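A short worksheet on the structure shown next.
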Amino acid sequence: MPLFIESPAHPDVPPAPRPLAPGAVVLPGFGTAVGEALLDTIASLAVQAPFRHMCTPGGRQMSVGMTNCGQWGWISDRQGYRYSALDPDSDRPWPELPAFFLALATTAATAAGFTGFTPNACLINRYAPGTQLSLHQDKDERDFTAPIVSVSLGLSAMFLFGGTRRAAPAQRVPLAHGDVVVWGGPARLFHHGISPLAKGCHPLTGGLRFNLTFRRAG
Ligand code: MD3
Ligand code: FE
């Protein structure tokens with residue numbers, strides 16, 4: 001008699017959603033089927049709006065490479081953190097949010113119980129080995145009742161998930177290629193970050209990790 005039933009190599013049922021906290025749920029592999037298309041599209045978006053290392057209000061360069069698509073893009077400079085309709089490097093609008101990006105974000109939000117989510121901003125983060133994102137809150141959006149949907153691509157990273165207080169102990173959650181996380185309700189304003197990316201090799205991204213966050217900015 002086997003003690004455990006092994007996971008099938010080719011599952012015909014999707015892995016179950018994993019709740020992280022009230023309002024936060026991991027949808028393991030929800031984006032895997034479109035992972036390659038997302039990465040190809042990120043590459044062409046980055047021709048129009050290249051990845052850059054933005055400056056923090058405190059004058060430090062971020063180790064995360066960033067660009068945006070959609071009506072609004074998140075930016076940081078000496079003046080502060082905010083959303084801008086124009087790419088400050090080109091003074092042109094950000095590239096349009098591709099229809100299948102929007103479809104992925106809204107179906108994930110719906111699967112997590114957030115109906116009517118219409119993101120108008122997509123921040124695209126790029127991590128190389130050693131790149132990290134220190135604990136922070138996302139509070140530059142106007143409406144905190146809208147969730148944020150994140151899609152992880154390429155190398156896995158260790159996600160840190162704290163509480164409403166910055167000093168609260170952080171849960172460590174590995175996020176792998178294709179994982180989608182929906183953050184809403186009480187979790188929407190929780191502190192979170194990414195540990196320094198470990199070296200590795202992913203068949204689709206080599207030594208890199210990408211993360212998309214879909215937001216209702218304004
Ligand atoms: C929890 N990005 O861009 S995504 C960010 O992997 C950001 O690049 C990380 O944090 C990344 O702001 C983490 C997961 C995430 C995104 C937004 C959240 C978690 C969140 C908002 C509230 C609570
Ligand atoms: Fe964040």
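Letters A, B, ... go to the chains of the structure tokens in the order shown; residues in each chain start at 1; ligands are counted from 1 in the same order.
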Any idea what's packed within 12 Å of stretch 168-171 of chain A, counting only C-alpha atoms, ignoring anything in its chain fewer than 5 positions away? Could you give it as a PyMOL selection string?
chain A and resi 20-21+134-136+158-163+190-195
Now that the selection is made, can you save its residues with N, CA and C atoms as a PDB file, in the first residue's frame?
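Generated output (part.pdb):
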```pdb
ATOM      1  N   LEU A  20      -2.574  32.592   0.956  1.00  0.00           N
ATOM      2  CA  LEU A  20      -1.378  33.031   1.698  1.00  0.00           C
ATOM      3  C   LEU A  20      -1.767  33.793   2.948  1.00  0.00           C
ATOM      4  N   ALA A  21      -2.843  34.554   2.827  1.00  0.00           N
ATOM      5  CA  ALA A  21      -3.325  35.437   3.886  1.00  0.00           C
ATOM      6  C   ALA A  21      -4.724  35.858   3.454  1.00  0.00           C
ATOM      7  N   SER A 134      13.538  45.423  -1.724  1.00  0.00           N
ATOM      8  CA  SER A 134      13.379  45.413  -0.268  1.00  0.00           C
ATOM      9  C   SER A 134      11.915  45.609   0.131  1.00  0.00           C
ATOM     10  N   LEU A 135      11.614  45.248   1.369  1.00  0.00           N
ATOM     11  CA  LEU A 135      10.231  45.271   1.874  1.00  0.00           C
ATOM     12  C   LEU A 135       9.611  46.650   1.670  1.00  0.00           C
ATOM     13  N   HIS A 136       8.439  46.681   1.066  1.00  0.00           N
ATOM     14  CA  HIS A 136       7.745  47.940   0.787  1.00  0.00           C
ATOM     15  C   HIS A 136       6.251  47.681   0.724  1.00  0.00           C
ATOM     16  N   MET A 158      12.507  34.002  -4.142  1.00  0.00           N
ATOM     17  CA  MET A 158      11.905  33.897  -2.817  1.00  0.00           C
ATOM     18  C   MET A 158      11.179  35.198  -2.512  1.00  0.00           C
ATOM     19  N   PHE A 159       9.863  35.090  -2.411  1.00  0.00           N
ATOM     20  CA  PHE A 159       9.017  36.237  -2.136  1.00  0.00           C
ATOM     21  C   PHE A 159       8.857  36.372  -0.621  1.00  0.00           C
ATOM     22  N   LEU A 160       8.991  37.587  -0.122  1.00  0.00           N
ATOM     23  CA  LEU A 160       8.845  37.872   1.313  1.00  0.00           C
ATOM     24  C   LEU A 160       7.527  38.606   1.515  1.00  0.00           C
ATOM     25  N   PHE A 161       6.741  38.106   2.454  1.00  0.00           N
ATOM     26  CA  PHE A 161       5.397  38.616   2.630  1.00  0.00           C
ATOM     27  C   PHE A 161       5.193  38.910   4.108  1.00  0.00           C
ATOM     28  N   GLY A 162       5.201  40.186   4.467  1.00  0.00           N
ATOM     29  CA  GLY A 162       5.057  40.592   5.857  1.00  0.00           C
ATOM     30  C   GLY A 162       3.632  40.946   6.196  1.00  0.00           C
ATOM     31  N   GLY A 163       3.477  41.915   7.056  1.00  0.00           N
ATOM     32  CA  GLY A 163       2.139  42.332   7.477  1.00  0.00           C
ATOM     33  C   GLY A 163       1.947  43.813   7.273  1.00  0.00           C
ATOM     34  N   PHE A 190      -0.148  44.974   2.566  1.00  0.00           N
ATOM     35  CA  PHE A 190       0.899  44.292   3.325  1.00  0.00           C
ATOM     36  C   PHE A 190       2.283  44.600   2.729  1.00  0.00           C
ATOM     37  N   HIS A 191       3.274  44.616   3.615  1.00  0.00           N
ATOM     38  CA  HIS A 191       4.661  44.772   3.166  1.00  0.00           C
ATOM     39  C   HIS A 191       5.103  43.511   2.426  1.00  0.00           C
ATOM     40  N   HIS A 192       5.944  43.695   1.418  1.00  0.00           N
ATOM     41  CA  HIS A 192       6.418  42.544   0.643  1.00  0.00           C
ATOM     42  C   HIS A 192       7.717  42.917  -0.060  1.00  0.00           C
ATOM     43  N   GLY A 193       8.455  41.905  -0.491  1.00  0.00           N
ATOM     44  CA  GLY A 193       9.716  42.132  -1.187  1.00  0.00           C
ATOM     45  C   GLY A 193      10.212  40.844  -1.820  1.00  0.00           C
ATOM     46  N   ILE A 194      11.374  40.932  -2.456  1.00  0.00           N
ATOM     47  CA  ILE A 194      11.988  39.775  -3.127  1.00  0.00           C
ATOM     48  C   ILE A 194      13.436  39.656  -2.647  1.00  0.00           C
ATOM     49  N   SER A 195      13.813  38.452  -2.175  1.00  0.00           N
ATOM     50  CA  SER A 195      15.198  38.202  -1.765  1.00  0.00           C
ATOM     51  C   SER A 195      16.125  38.277  -2.970  1.00  0.00           C
TER      52      SER A 195
END
```
Would you mind listing, for every residue of chain A within 7 Å of ligand 1, the two atoms forming the shortest contact and the distance between them in Å to one decimal, using only C-alpha atoms and all ligand atoms, sorted by chain and ascending residue number, as CSV?
```
residue,atom,partner,partner_atom_place_in_ligand_line,distance
A:Leu123,CA,ligand 1,3 (O),6.4
A:Asn125,CA,ligand 1,8 (O),5.3
A:Leu133,CA,ligand 1,9 (C),7.0
A:Gln137,CA,ligand 1,22 (C),6.3
A:Asp138,CA,ligand 1,21 (C),5.3
A:Ile148,CA,ligand 1,17 (C),5.6
A:Val149,CA,ligand 1,16 (C),6.8
A:Ser150,CA,ligand 1,4 (S),5.1
A:Ser152,CA,ligand 1,6 (O),6.7
A:Phe159,CA,ligand 1,13 (C),6.8
A:Phe161,CA,ligand 1,1 (C),6.9
A:Val181,CA,ligand 1,14 (C),6.7
A:Trp183,CA,ligand 1,23 (C),5.4
A:Ala187,CA,ligand 1,23 (C),5.6
A:Arg188,CA,ligand 1,22 (C),4.2
A:Leu189,CA,ligand 1,22 (C),5.1
A:Phe190,CA,ligand 1,23 (C),4.9
A:His191,CA,ligand 1,23 (C),6.2
A:His192,CA,ligand 1,1 (C),5.5
A:Gly193,CA,ligand 1,10 (O),5.6
A:Ile194,CA,ligand 1,6 (O),6.0
A:Asn211,CA,ligand 1,8 (O),4.8
A:Leu212,CA,ligand 1,8 (O),7.0
A:Thr213,CA,ligand 1,3 (O),6.0
```
Could you pull the residues within 7 Å of A:Gly70, counting only C-alpha atoms, minus those fewer than 6 positions along the same chain, as a list of chain:residue names?
A:Trp94, A:Pro95, A:Glu96, A:Leu97, A:Asn120, A:Ala121, A:Cys122
Give the answer as one residue: which of A:Arg60, A:Lys139, A:Arg92, A:Arg18 has the shortest atom-to-atom distance to ligand 2, using only C-alpha atoms and all ligand atoms?
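Ranked by minimum distance to ligand 2, first place goes to A:Lys139.
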Do a neighbour search on A:Ser84 at 8 Å with only C-alpha atoms, toss out local chain neighbours closer than 4 positions, and write the hits as a list in words.
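So, after excluding close chain neighbours, the residues are Trp72, Gly73, Trp74 and Ile75 of chain A.
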What residues in stretch 35-183 of chain A get the DSSP label strand (DSSP E)? Please answer as number ranges by chain.
A: 65-69, 73-77, 80-84, 86-87, 92-93, 121-127, 133-136, 148-154, 157-161, 171-175, 180-183
Quick one: DSSP helix (DSSP H, G or I) residues in stretch 13-187 of chain A, as a ChimeraX atom specification?
/A:32-48,99-111,185-187
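Distances to ligand 2 were evaluated for A:Pro174, A:Gly154, A:Gly185, A:Pro147 using only C-alpha atoms and all ligand atoms, and the minimum falls at A:Pro147.
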In Å, how far is it from atom CA of A:Glu36 to atom CA of A:Leu86?
27.6 Å
Within 12 Å of A:Gly113 using only C-alpha atoms, minus same-chain residues under 5 positions, as a ChimeraX atom specification
/A:17,22-25,106-108,146-147,182-185
Hey, what's within 6 Å of A:Val180 if we count only C-alpha atoms and toss same-chain stuff fewer than 2 positions away? As a ChimeraX atom specification, please?
/A:26-27,30,150-151
Any idea what's packed within 9 Å of stretch 39-42 of chain A, counting only C-alpha atoms, ignoring anything in its chain fewer than 3 positions away? Could you give it as a PyMOL selection string?
chain A and resi 34-36+45-47+98+124+153-154+204-205+210
Output file for the selection above: N, CA and C atoms, as a PDB file, in the first residue's frame:
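Below is the file again10.pdb, written as the result:
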```pdb
ATOM      1  N   VAL A  34       0.698  30.604 -21.206  1.00  0.00           N
ATOM      2  CA  VAL A  34       1.030  31.791 -22.006  1.00  0.00           C
ATOM      3  C   VAL A  34       2.402  32.358 -21.643  1.00  0.00           C
ATOM      4  N   GLY A  35       3.180  31.600 -20.872  1.00  0.00           N
ATOM      5  CA  GLY A  35       4.485  32.101 -20.417  1.00  0.00           C
ATOM      6  C   GLY A  35       5.400  32.504 -21.554  1.00  0.00           C
ATOM      7  N   GLU A  36       5.503  31.656 -22.562  1.00  0.00           N
ATOM      8  CA  GLU A  36       6.400  31.950 -23.678  1.00  0.00           C
ATOM      9  C   GLU A  36       5.901  33.168 -24.463  1.00  0.00           C
ATOM     10  N   LEU A  45       7.970  44.795 -26.230  1.00  0.00           N
ATOM     11  CA  LEU A  45       7.614  46.027 -25.496  1.00  0.00           C
ATOM     12  C   LEU A  45       8.883  46.783 -25.087  1.00  0.00           C
ATOM     13  N   ALA A  46       9.930  46.014 -24.726  1.00  0.00           N
ATOM     14  CA  ALA A  46      11.171  46.631 -24.244  1.00  0.00           C
ATOM     15  C   ALA A  46      11.969  47.287 -25.369  1.00  0.00           C
ATOM     16  N   VAL A  47      11.595  47.025 -26.632  1.00  0.00           N
ATOM     17  CA  VAL A  47      12.199  47.768 -27.735  1.00  0.00           C
ATOM     18  C   VAL A  47      11.637  49.191 -27.732  1.00  0.00           C
ATOM     19  N   PRO A  98      -1.155  44.763 -23.986  1.00  0.00           N
ATOM     20  CA  PRO A  98      -1.648  43.776 -24.953  1.00  0.00           C
ATOM     21  C   PRO A  98      -2.929  43.100 -24.443  1.00  0.00           C
ATOM     22  N   ILE A 124       6.588  46.064 -15.370  1.00  0.00           N
ATOM     23  CA  ILE A 124       7.367  44.888 -15.753  1.00  0.00           C
ATOM     24  C   ILE A 124       8.726  44.992 -15.069  1.00  0.00           C
ATOM     25  N   LEU A 153       7.780  34.932 -14.047  1.00  0.00           N
ATOM     26  CA  LEU A 153       8.275  34.267 -15.258  1.00  0.00           C
ATOM     27  C   LEU A 153       9.779  34.025 -15.148  1.00  0.00           C
ATOM     28  N   GLY A 154      10.219  32.886 -15.655  1.00  0.00           N
ATOM     29  CA  GLY A 154      11.644  32.573 -15.660  1.00  0.00           C
ATOM     30  C   GLY A 154      12.103  32.004 -14.330  1.00  0.00           C
ATOM     31  N   LEU A 204      13.606  29.324 -20.678  1.00  0.00           N
ATOM     32  CA  LEU A 204      13.009  30.426 -21.454  1.00  0.00           C
ATOM     33  C   LEU A 204      13.668  31.781 -21.203  1.00  0.00           C
ATOM     34  N   THR A 205      14.351  31.956 -20.084  1.00  0.00           N
ATOM     35  CA  THR A 205      14.883  33.288 -19.743  1.00  0.00           C
ATOM     36  C   THR A 205      16.361  33.276 -19.394  1.00  0.00           C
ATOM     37  N   PHE A 210      11.444  37.591 -14.590  1.00  0.00           N
ATOM     38  CA  PHE A 210      10.576  38.728 -14.885  1.00  0.00           C
ATOM     39  C   PHE A 210       9.332  38.628 -14.014  1.00  0.00           C
TER      40      PHE A 210
END
```
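Using only C-alpha atoms, the shortest contact distance between A:Pro88 and any of A:Pro50, A:Gly200, A:Gly116, A:Gly65 is found at A:Pro50.
The gap separating atom CA of A:Ala157 from atom CA of A:Val13 is 24.9 Å, in Å to one decimal.
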Atom pair atom CA of A:Asp91 / atom CA of A:Thr67: separation (Å):
13.6 Å
